[in-house]
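Structure file run01.cif; described as mmCIF, C-alpha atoms.
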data_model
#
loop_
_atom_site.label_atom_id
_atom_site.label_comp_id
_atom_site.auth_asym_id
_atom_site.auth_seq_id
_atom_site.Cartn_x
_atom_site.Cartn_y
_atom_site.Cartn_z
CA MET I 11 -27.86 89.07 194.16
CA PHE I 12 -27.02 91.15 191.08
CA TYR I 13 -29.15 94.13 190.05
CA THR I 14 -28.90 96.05 186.76
CA CYS I 15 -30.23 99.35 185.46
CA GLY I 16 -30.32 101.15 182.11
CA PRO I 17 -28.58 104.39 181.22
CA ASN I 18 -31.73 106.39 182.08
CA GLU I 19 -31.74 105.54 185.81
CA ALA I 20 -29.40 105.21 188.75
CA MET I 21 -29.18 102.69 191.60
CA VAL I 22 -28.29 103.52 195.19
CA VAL I 23 -27.06 100.70 197.43
CA SER I 24 -27.03 101.33 201.20
CA GLY I 25 -26.71 99.21 204.33
CA PHE I 26 -23.93 96.93 205.52
CA CYS I 27 -20.48 97.99 204.26
CA ARG I 28 -22.07 100.76 202.19
CA SER I 29 -21.28 103.94 204.03
CA PRO I 30 -21.59 106.26 202.22
CA PRO I 31 -24.13 104.62 199.89
CA LEU I 32 -22.94 103.35 196.52
CA MET I 33 -24.44 105.19 193.51
CA ILE I 34 -24.33 103.62 190.04
CA ALA I 35 -25.74 105.31 186.94
CA GLY I 36 -26.38 102.70 184.22
CA GLY I 37 -24.69 99.42 185.19
CA ARG I 38 -24.90 96.50 187.63
CA VAL I 39 -24.19 95.90 191.31
CA PHE I 40 -24.18 93.01 193.77
CA VAL I 41 -26.53 93.42 196.75
CA VAL I 42 -26.50 91.20 199.84
CA PRO I 43 -30.12 90.49 200.76
CA CYS I 44 -31.45 91.44 204.16
CA ILE I 45 -28.40 93.51 205.14
CA GLN I 46 -28.25 95.80 202.10
CA GLN I 47 -30.96 97.83 200.34
CA ILE I 48 -31.20 99.04 196.73
CA GLN I 49 -33.20 102.07 195.53
CA ARG I 50 -33.66 103.53 192.07
CA ILE I 51 -34.02 107.09 190.80
CA SER I 52 -34.96 108.14 187.27
CA LEU I 53 -32.53 110.06 185.06
CA ASN I 54 -35.05 110.79 182.29
CA THR I 55 -35.34 114.26 180.81
CA LEU I 56 -38.34 116.18 182.17
CA THR I 57 -40.26 118.64 179.95
CA LEU I 58 -41.93 121.39 181.98
CA ASN I 59 -44.57 123.84 180.79
CA VAL I 60 -43.81 126.87 182.96
CA LYS I 61 -46.86 129.21 183.12
CA SER I 62 -46.92 132.51 184.95
CA ASP I 63 -50.41 134.13 184.75
CA LYS I 64 -51.06 137.82 185.36
CA VAL I 65 -47.65 138.77 186.65
CA TYR I 66 -47.13 142.50 187.05
CA THR I 67 -44.18 143.94 185.25
CA ARG I 68 -41.96 146.80 186.37
CA HIS I 69 -44.52 149.37 185.06
CA GLY I 70 -47.46 147.55 186.64
CA VAL I 71 -48.85 145.92 183.49
CA PRO I 72 -50.16 142.39 184.14
CA ILE I 73 -49.04 139.86 181.55
CA SER I 74 -49.06 136.07 181.22
CA VAL I 75 -45.90 134.26 180.16
CA THR I 76 -45.47 130.63 179.11
CA GLY I 77 -42.05 128.96 178.81
CA ILE I 78 -40.86 125.47 177.95
CA ALA I 79 -37.97 124.00 179.99
CA GLN I 80 -36.02 120.76 179.59
CA MET I 81 -34.24 119.43 182.71
CA LYS I 82 -32.92 116.20 184.17
CA ILE I 83 -31.01 114.73 187.10
CA GLN I 84 -27.32 114.66 186.19
CA GLY I 85 -26.06 111.09 186.67
CA GLN I 86 -22.53 111.61 185.47
CA ASN I 87 -21.72 114.11 188.20
CA LYS I 88 -21.43 112.21 191.48
CA GLN I 89 -21.99 115.30 193.65
CA MET I 90 -25.14 116.33 191.77
CA LEU I 91 -26.39 112.71 191.79
CA ALA I 92 -25.83 112.53 195.56
CA ALA I 93 -27.72 115.82 196.05
CA ALA I 94 -30.58 114.57 193.87
CA CYS I 95 -30.75 111.28 195.84
CA GLN I 96 -30.96 113.24 199.09
CA MET I 97 -33.69 115.50 197.70
CA PHE I 98 -35.80 113.13 195.59
CA MET I 99 -35.11 109.51 196.63
CA GLY I 100 -38.43 107.68 196.86
CA LYS I 101 -40.29 110.29 194.81
CA SER I 102 -41.84 109.63 191.41
CA GLU I 103 -41.06 111.54 188.22
CA PRO I 104 -44.26 113.70 188.44
CA GLU I 105 -43.37 114.68 191.99
CA ILE I 106 -39.83 115.61 190.98
CA ALA I 107 -41.19 117.53 187.96
CA GLN I 108 -43.64 119.43 190.16
CA ILE I 109 -40.87 120.51 192.55
CA ALA I 110 -38.67 121.68 189.66
CA LEU I 111 -41.66 123.40 187.99
CA GLU I 112 -42.54 125.39 191.09
CA THR I 113 -38.91 126.46 191.52
CA LEU I 114 -38.58 127.47 187.85
CA GLU I 115 -41.92 129.34 187.87
CA GLY I 116 -40.84 131.34 190.92
CA HIS I 117 -37.69 132.46 189.15
CA GLN I 118 -39.67 133.28 186.00
CA ARG I 119 -42.09 135.47 187.96
CA ALA I 120 -39.21 137.26 189.71
CA ILE I 121 -37.55 138.10 186.39
CA ILE I 122 -40.85 139.30 184.83
CA ALA I 123 -41.33 141.68 187.76
CA HIS I 124 -37.99 143.36 187.05
CA LEU I 125 -38.61 143.92 183.32
CA THR I 126 -41.00 145.95 181.22
CA VAL I 127 -43.46 144.52 178.73
CA GLU I 128 -41.49 146.00 175.86
CA GLU I 129 -38.22 144.37 177.09
CA ILE I 130 -39.87 140.96 177.41
CA TYR I 131 -41.75 141.19 174.11
CA LYS I 132 -39.00 142.66 171.97
CA ASP I 133 -35.98 140.77 173.37
CA ARG I 134 -37.22 137.26 174.11
CA LYS I 135 -33.73 135.79 173.87
CA LYS I 136 -32.45 138.01 176.65
CA PHE I 137 -35.40 137.05 178.87
CA SER I 138 -34.80 133.33 178.19
CA GLU I 139 -31.12 133.64 179.01
CA GLN I 140 -31.88 135.36 182.33
CA VAL I 141 -34.42 132.69 183.37
CA PHE I 142 -32.03 129.91 182.32
CA LYS I 143 -29.13 131.43 184.25
CA VAL I 144 -31.01 132.08 187.49
CA ALA I 145 -32.85 128.74 187.47
CA SER I 146 -29.71 126.74 186.67
CA SER I 147 -27.79 128.20 189.62
CA ASP I 148 -30.65 127.24 191.98
CA LEU I 149 -31.61 123.82 190.59
CA VAL I 150 -28.00 122.61 190.40
CA ASN I 151 -27.99 122.50 194.21
CA MET I 152 -30.84 119.98 193.95
CA GLY I 153 -28.85 117.81 191.51
CA ILE I 154 -30.94 118.96 188.53
CA SER I 155 -29.41 120.55 185.45
CA VAL I 156 -31.45 122.76 183.11
CA VAL I 157 -30.89 121.54 179.58
CA SER I 158 -32.77 124.36 177.84
CA TYR I 159 -35.38 127.08 178.37
CA THR I 160 -37.43 128.82 175.66
CA LEU I 161 -40.08 131.57 175.93
CA LYS I 162 -43.19 130.18 174.26
CA ASP I 163 -45.87 132.84 174.61
CA VAL I 164 -46.50 136.32 176.02
CA HIS I 165 -50.04 137.76 176.26
CA ASP I 166 -52.21 140.03 178.44
CA ASP I 167 -55.92 140.67 179.10
CA GLN I 168 -55.71 144.48 178.84
CA ASP I 169 -54.88 144.62 175.11
CA TYR I 170 -51.56 146.28 175.99
CA LEU I 171 -49.61 144.24 173.55
CA HIS I 172 -52.36 144.77 170.95
CA SER I 173 -52.08 148.54 171.43
CA LEU I 174 -48.34 148.32 171.04
CA GLY I 175 -48.99 146.41 167.85
CA LYS I 176 -51.45 149.04 166.56
CA ALA I 177 -49.03 151.87 167.22
CA ARG I 178 -46.31 149.91 165.58
CA THR I 179 -48.57 149.05 162.70
CA ALA I 180 -49.55 152.72 162.24
CA GLN I 181 -45.93 153.70 162.41
CA VAL I 182 -45.06 151.06 159.90
CA GLN I 183 -47.90 152.20 157.57
CA LYS I 184 -46.78 155.80 157.94
CA ASP I 185 -43.23 154.86 157.27
CA ALA I 186 -44.43 152.87 154.28
CA ARG I 187 -46.28 155.84 152.75
CA ILE I 188 -43.38 158.17 153.41
CA GLY I 189 -41.04 155.62 152.05
CA GLU I 190 -43.15 155.18 148.94
CA ALA I 191 -43.24 158.95 148.29
CA GLN I 192 -39.53 159.20 148.93
CA ASN I 193 -38.96 156.28 146.65
CA LYS I 194 -40.97 157.95 143.88
CA ARG I 195 -39.11 161.20 144.36
CA ASP I 196 -35.82 159.43 144.49
CA ALA I 197 -36.80 157.50 141.39
CA VAL I 198 -37.47 160.73 139.44
CA ILE I 199 -34.26 162.26 140.71
CA ARG I 200 -32.33 159.13 139.92
CA GLU I 201 -33.92 159.02 136.48
CA ALA I 202 -32.84 162.61 135.79
CA HIS I 203 -29.42 161.89 137.15
CA ALA I 204 -29.30 158.79 135.09
CA MET I 205 -30.20 160.72 131.93
CA GLN I 206 -27.60 163.35 132.75
CA GLU I 207 -25.03 160.71 133.48
CA LYS I 208 -26.01 158.98 130.26
CA VAL I 209 -25.42 162.14 128.19
CA SER I 210 -22.21 162.88 130.10
CA ALA I 211 -21.12 159.34 129.65
CA GLN I 212 -21.87 159.51 125.95
CA TYR I 213 -19.87 162.72 125.52
CA LYS I 214 -17.14 161.36 127.72
CA ASN I 215 -17.17 158.17 125.74
CA GLU I 216 -16.77 160.09 122.48
CA ILE I 217 -13.96 162.16 124.01
CA ASP I 218 -12.32 159.03 125.32
CA MET I 219 -12.68 157.42 121.91
CA ALA I 220 -11.04 160.44 120.26
CA LYS I 221 -8.26 160.39 122.86
CA ALA I 222 -7.89 156.68 122.41
CA GLN I 223 -7.68 157.11 118.63
CA ARG I 224 -5.09 159.83 119.05
CA ASP I 225 -3.12 157.77 121.55
CA TYR I 226 -3.40 154.82 119.21
CA GLU I 227 -2.01 156.78 116.28
CA LEU I 228 0.81 158.22 118.40
CA LYS I 229 1.67 154.90 119.94
CA LYS I 230 1.43 153.19 116.55
CA ALA I 231 3.86 155.74 115.08
CA ALA I 232 6.16 155.29 118.06
CA TYR I 233 5.84 151.53 117.74
CA ASP I 234 6.58 151.71 114.00
CA ILE I 235 9.71 153.76 114.70
CA GLU I 236 10.72 151.35 117.42
CA VAL I 237 9.99 148.34 115.20
CA ASN I 238 11.97 149.78 112.29
CA THR I 239 14.80 150.66 114.65
CA LYS I 240 14.73 147.19 116.11
CA LYS I 241 14.71 145.69 112.60
CA ALA I 242 17.72 147.77 111.60
CA GLU I 243 19.46 146.93 114.84
CA SER I 244 18.57 143.28 114.33
CA GLU I 245 19.99 143.28 110.80
CA MET I 246 23.14 145.06 111.96
CA ALA I 247 23.36 142.72 114.93
CA TYR I 248 22.92 139.76 112.58
CA GLN I 249 25.69 140.96 110.30
CA LEU I 250 27.86 141.72 113.31
CA GLN I 251 27.09 138.31 114.72
CA VAL I 252 27.96 136.67 111.39
CA ALA I 253 31.28 138.55 111.33
CA LYS I 254 31.94 137.62 114.96
CA THR I 255 31.05 134.02 114.20
CA LYS I 256 33.41 133.94 111.22
CA GLN I 257 36.12 135.57 113.30
CA ARG I 258 35.50 133.09 116.13
CA ILE I 259 35.65 130.21 113.62
CA GLU I 260 38.94 131.52 112.25
CA GLU I 261 40.25 131.97 115.78
CA GLU I 262 39.18 128.46 116.63
CA LYS I 263 40.88 127.17 113.44
CA MET I 264 44.03 129.04 114.40
CA GLN I 265 43.69 127.70 117.90
CA VAL I 266 43.30 124.18 116.51
CA GLN I 267 46.39 124.72 114.35
CA VAL I 268 48.26 126.07 117.35
CA VAL I 269 47.15 123.07 119.39
CA GLU I 270 48.16 120.71 116.57
CA ARG I 271 51.51 122.48 116.20
CA THR I 272 51.97 122.36 119.96
CA GLN I 273 51.19 118.67 119.94
CA GLN I 274 53.62 118.14 117.06
CA ILE I 275 56.30 120.06 118.97
CA THR I 276 55.49 118.03 122.05
CA LEU I 277 55.73 114.82 120.06
CA GLN I 278 59.01 115.99 118.50
CA GLU I 279 60.36 116.89 121.92
CA GLN I 280 59.26 113.51 123.22
CA GLU I 281 60.92 111.82 120.20
CA ILE I 282 64.11 113.85 120.78
CA THR I 283 64.02 112.92 124.44
CA ARG I 284 63.45 109.30 123.52
CA ARG I 285 66.31 109.35 121.03
CA GLU I 286 68.57 111.10 123.54
CA LYS I 287 67.72 108.48 126.11
CA GLU I 288 68.24 105.75 123.49
CA LEU I 289 71.57 107.33 122.46
CA GLU I 290 72.50 107.72 126.07
CA ALA I 291 71.53 104.10 126.74
CA LYS I 292 73.19 102.69 123.61
CA VAL I 293 76.23 104.99 123.05
CA MET I 294 76.88 107.43 125.87
CA LYS I 295 76.43 105.02 128.71
CA PRO I 296 78.76 102.40 127.20
CA ALA I 297 81.22 105.20 126.17
CA GLU I 298 81.12 106.64 129.68
CA ALA I 299 81.51 103.15 131.10
CA GLU I 300 84.47 102.50 128.76
CA ARG I 301 85.92 105.91 129.57
CA TYR I 302 85.50 105.22 133.25
CA ARG I 303 87.05 101.80 132.81
CA LEU I 304 89.96 103.28 130.87
CA GLU I 305 90.39 106.04 133.45
CA LYS I 306 90.43 103.49 136.20
CA LEU I 307 92.88 101.31 134.23
CA ALA I 308 95.07 104.34 133.52
CA GLU I 309 94.90 105.35 137.17
CA ALA I 310 95.76 101.81 138.21
CA GLN I 311 98.59 101.71 135.67
CA ARG I 312 99.81 105.13 136.87
CA LEU I 313 99.65 103.99 140.48
CA LYS I 314 101.37 100.77 139.47
CA LEU I 315 104.12 102.66 137.67
CA ILE I 316 104.47 105.08 140.57
CA MET I 317 104.67 102.21 143.02
CA GLU I 318 107.10 100.33 140.78
CA ALA I 319 109.18 103.50 140.29
CA GLU I 320 109.08 104.19 144.02
CA ALA I 321 109.99 100.55 144.71
CA GLU I 322 112.76 100.66 142.11
CA ALA I 323 113.95 104.02 143.46
CA GLU I 324 113.87 102.63 146.96
CA SER I 325 115.74 99.56 145.73
CA ILE I 326 118.25 101.73 143.91
CA ARG I 327 118.52 103.97 146.94
CA ILE I 328 119.17 101.05 149.17
CA LYS I 329 121.55 99.55 146.61
CA GLY I 330 123.24 102.95 146.16
CA GLU I 331 123.53 103.36 149.90
CA ALA I 332 125.02 99.85 150.11
CA GLU I 333 127.39 100.56 147.24
CA ALA I 334 128.20 103.95 148.71
CA PHE I 335 128.88 102.29 152.03
CA ALA I 336 131.08 99.80 150.23
CA VAL I 337 132.79 102.58 148.33
CA GLU I 338 133.08 104.52 151.56
CA ALA I 339 134.57 101.52 153.29
CA LYS I 340 136.83 100.88 150.35
CA GLY I 341 137.73 104.56 150.21
CA ARG I 342 138.34 104.59 153.92
CA ALA I 343 140.62 101.54 153.51
CA GLU I 344 142.36 103.12 150.58
CA ALA I 345 142.59 106.38 152.51
CA GLU I 346 144.16 104.54 155.36
CA GLN I 347 146.42 102.83 152.88
CA MET I 348 147.19 106.12 151.31
CA ALA I 349 147.82 107.61 154.71
CA LYS I 350 150.13 104.82 155.47
CA LYS I 351 151.70 105.26 152.07
CA ALA I 352 151.90 108.98 152.78
CA GLU I 353 153.65 108.26 156.01
CA ALA I 354 155.83 105.80 154.22
CA PHE I 355 156.54 108.13 151.44
CA GLN I 356 156.84 111.42 153.31
CA GLN I 357 160.13 111.72 151.72
CA TYR I 358 158.42 111.85 148.26
CA ARG I 359 157.75 115.13 146.74
CA ASP I 360 154.36 116.49 145.97
CA GLY I 361 154.68 115.74 142.29
CA ALA I 362 155.14 112.04 142.97
CA MET I 363 151.98 112.04 145.12
CA VAL I 364 150.00 113.67 142.35
CA ASP I 365 151.27 111.20 139.88
CA MET I 366 150.12 108.35 142.01
CA LEU I 367 146.70 109.95 142.51
CA LEU I 368 146.18 110.44 138.82
CA GLU I 369 146.98 106.81 138.21
CA LYS I 370 144.24 105.66 140.64
CA LEU I 371 141.63 108.27 139.80
CA PRO I 372 140.24 106.58 136.59
CA LEU I 373 139.70 103.38 138.46
CA MET I 374 137.82 105.21 141.22
CA ALA I 375 135.70 107.16 138.74
CA GLU I 376 134.75 103.97 136.88
CA GLU I 377 133.66 102.23 140.04
CA ILE I 378 131.66 105.24 141.26
CA SER I 379 129.88 105.85 137.91
CA LYS I 380 128.53 102.32 137.58
CA PRO I 381 125.74 102.64 140.19
CA LEU I 382 125.08 106.23 139.23
CA CYS I 383 124.21 105.18 135.68
CA GLU I 384 121.36 102.98 137.00
CA ALA I 385 120.09 105.19 139.79
CA ASN I 386 117.61 108.09 139.57
CA LYS I 387 118.85 109.52 142.84
CA VAL I 388 122.39 109.66 144.20
CA THR I 389 123.28 110.42 147.76
CA MET I 390 126.82 111.46 148.45
CA PRO I 391 127.93 110.47 151.94
CA ASN I 392 129.67 113.06 154.03
CA CYS I 393 132.39 110.60 154.88
CA LEU I 394 133.58 110.54 151.27
CA GLU I 395 133.72 114.33 151.27
CA ARG I 396 135.65 114.21 154.48
CA CYS I 397 137.85 111.57 152.93
CA TRP I 398 138.51 113.74 149.87
CA THR I 399 139.13 116.71 152.15
CA SER I 400 141.63 114.79 154.23
#

Using the file provided, produce a representation of the structure as structure tokens.
Amino acid sequence: MFYTCGPNEAMVVSGFCRSPPLMIAGGRVFVVPCIQQIQRISLNTLTLNVKSDKVYTRHGVPISVTGIAQMKIQGQNKQMLAAACQMFMGKSEPEIAQIALETLEGHQRAIIAHLTVEEIYKDRKKFSEQVFKVASSDLVNMGISVVSYTLKDVHDDQDYLHSLGKARTAQVQKDARIGEAQNKRDAVIREAHAMQEKVSAQYKNEIDMAKAQRDYELKKAAYDIEVNTKKAESEMAYQLQVAKTKQRIEEEKMQVQVVERTQQITLQEQEITRREKELEAKVMKPAEAERYRLEKLAEAQRLKLIMEAEAEAESIRIKGEAEAFAVEAKGRAEAEQMAKKAEAFQQYRDGAMVDMLLEKLPLMAEEISKPLCEANKVTMPNCLERCWTS
């Protein structure tokens, strides 16, 4: 069976399978009938009127104190809820309130006994804080938390507090009369001081005005000098600026002319370069090509002539050598013939031999000169020399 409870109470389920008991503050729980038991405890806030009548203070003065305390069982703290269930399970709210009231009143009496009437009456906040602190530390063990405590009333049957009030009232009245006289005296003194300060302030004001006028005149004169100086400087600066501007304009014009002239020179140089390239492409290149062609043709012709001359010289050399060999052979034959003739004609005189030689010499010279007329190079064999020698 399901059971539910509101946020102002707690349920405790004990019995079968509930060891320790299950505590739920504001919720629902399933309870098995007959073998499990459910109990409820209130979590409402309790307001207690804590009265302590005729409690003797530290100086033996009996006074009565009334305080108002707000307290409740703390359901959110499981330990405090368990302690409260152990202490108050099965008890009603009035019974729980009575137990808390007696505990709180005992602490209130104990604190009153350690203070004087003046301490309690004059510093109620301190007294409330002490009661709250001591009671909270004790009631928390019961699972109860003190929400607040306030001192409501303090009175006595011996007119002690009334006497304190009379003395205070007399002191206040005395202080009031003294204060009034002092205020009147101070008012007269302040009035005299005020008048004196007024006159001093007036004189000081006049002096300050005179100083201010003087400072104004001096500063105005200084400002006029500075203004005039600035005006003159401004005019001079304006004229100087105009001259600088004109000079800068002229310089810029010259610069523009220089740039234009530079551009013209650049264009002229580019035109010259273009024309040179055009001339080179149209005239110099073909001329160089023609010159190169002619040089190559001349070189080829020269090489051709050299080769032809060398070939012709070689041919002539070979031909000359052949003719020389023939002449040599012929001369050798003639020499042999002449030798034979010499042997045959040993009986001839030398004059006859010379005569015969002179007759043959033109024929030999004619035959020898024919190849020499056509040859660039003539080689004389040694055999012919030997022949002539012999």

Q: Tell me which of I:Leu313, I:Val164, I:Ala202, I:Ile51 sits closest to Lys101 in chain I, counting only C-alpha atoms.
A: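 Closest candidate: I:Ile51.
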
Q. What gap, in Å, lies between CA of Gln168 in chain I and CA of His69 in chain I?
A.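 Those two atoms sit 13.7 Å apart.
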
Q) Interatomic distance between CA of Lys194 in chain I and CA of Ala211 in chain I? A) 24.5 Å

Q: Go ahead and compute the interatomic distance for CA of Gln84 in chain I and CA of Ile45 in chain I, in Å to one decimal.
A: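 Between CA of Gln84 in chain I and CA of Ile45 in chain I the gap works out to 28.4 Å.
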
Q. At a cut-off of 10 Å from (-40.3, 147.8, 186.5) in the coordinates of the file, what residues are picked up using only C-alpha atoms, written as a PyMOL selection string?
A. chain I and resi 66-71+122-127

Q. If we count all atoms listed in the file, what is near Ile109 in chain I at a cut-off of 12 Å, once residues fewer than 3 positions away on the same chain are taken out, given as a list in words?
A. Leu56, Leu58, Val60, Met81, Ala94, Met97, Phe98, Lys101, Ser102, Glu103, Pro104, Glu105, Ile106, Glu112, Thr113, Leu114, Glu115, Gly116, Leu149, Met152 and Ile154 of chain I

Q.
Quick check on the file I pasted: which residues fall under the PyMOL selection byres ((chain I and resi 165) around 10)? Write them as a PyMOL selection string.
A. chain I and resi 63-64+72-76+127+131+163-164+166-172

Write the selection just made, keeping C-alpha atoms, as a JSON list (two decimals), keeping the file's coordinate frame?
[["chain", "number", "residue", "atom", "x", "y", "z"],
["I", 63, "ASP", "CA", -50.41, 134.13, 184.75],
["I", 64, "LYS", "CA", -51.06, 137.82, 185.36],
["I", 72, "PRO", "CA", -50.16, 142.39, 184.14],
["I", 73, "ILE", "CA", -49.04, 139.86, 181.55],
["I", 74, "SER", "CA", -49.06, 136.07, 181.22],
["I", 75, "VAL", "CA", -45.90, 134.26, 180.16],
["I", 76, "THR", "CA", -45.47, 130.63, 179.11],
["I", 127, "VAL", "CA", -43.46, 144.52, 178.73],
["I", 131, "TYR", "CA", -41.75, 141.19, 174.11],
["I", 163, "ASP", "CA", -45.87, 132.84, 174.61],
["I", 164, "VAL", "CA", -46.50, 136.32, 176.02],
["I", 166, "ASP", "CA", -52.21, 140.03, 178.44],
["I", 167, "ASP", "CA", -55.92, 140.67, 179.10],
["I", 168, "GLN", "CA", -55.71, 144.48, 178.84],
["I", 169, "ASP", "CA", -54.88, 144.62, 175.11],
["I", 170, "TYR", "CA", -51.56, 146.28, 175.99],
["I", 171, "LEU", "CA", -49.61, 144.24, 173.55],
["I", 172, "HIS", "CA", -52.36, 144.77, 170.95]]

Q | Using all atoms listed in the file: which of I:Ala291, I:Met205, I:Met317, I:Met374 has the shortest distance to Lys340 in chain I | A | I:Met374

Q.
Evaluate the PyMOL selection byres ((chain I and resi 158-162) around 8) against this structure - the residues, as a PyMOL selection string, please.
A. chain I and resi 75-81+134-135+137-139+141-142+156-157+163-164

(Q) Set the distance at 10 Å and use only C-alpha atoms: which residues neighbour Arg50 in chain I once local chain neighbours fewer than 2 positions away are removed? I'd like the list as a PyMOL selection string. (A) chain I and resi 15+19-23+33-35+48+52-53+95+99-101

Put a box with edges along x, y and z around all the listed atoms of range 143-158 of chain I, pad it by 4 Å on each side, then give me its centre and sizes in Å, one decimal, as AutoDock Vina command-line options.
--center_x -30.3 --center_y 124.9 --center_z 186.0 --size_x 13.1 --size_y 22.3 --size_z 24.4
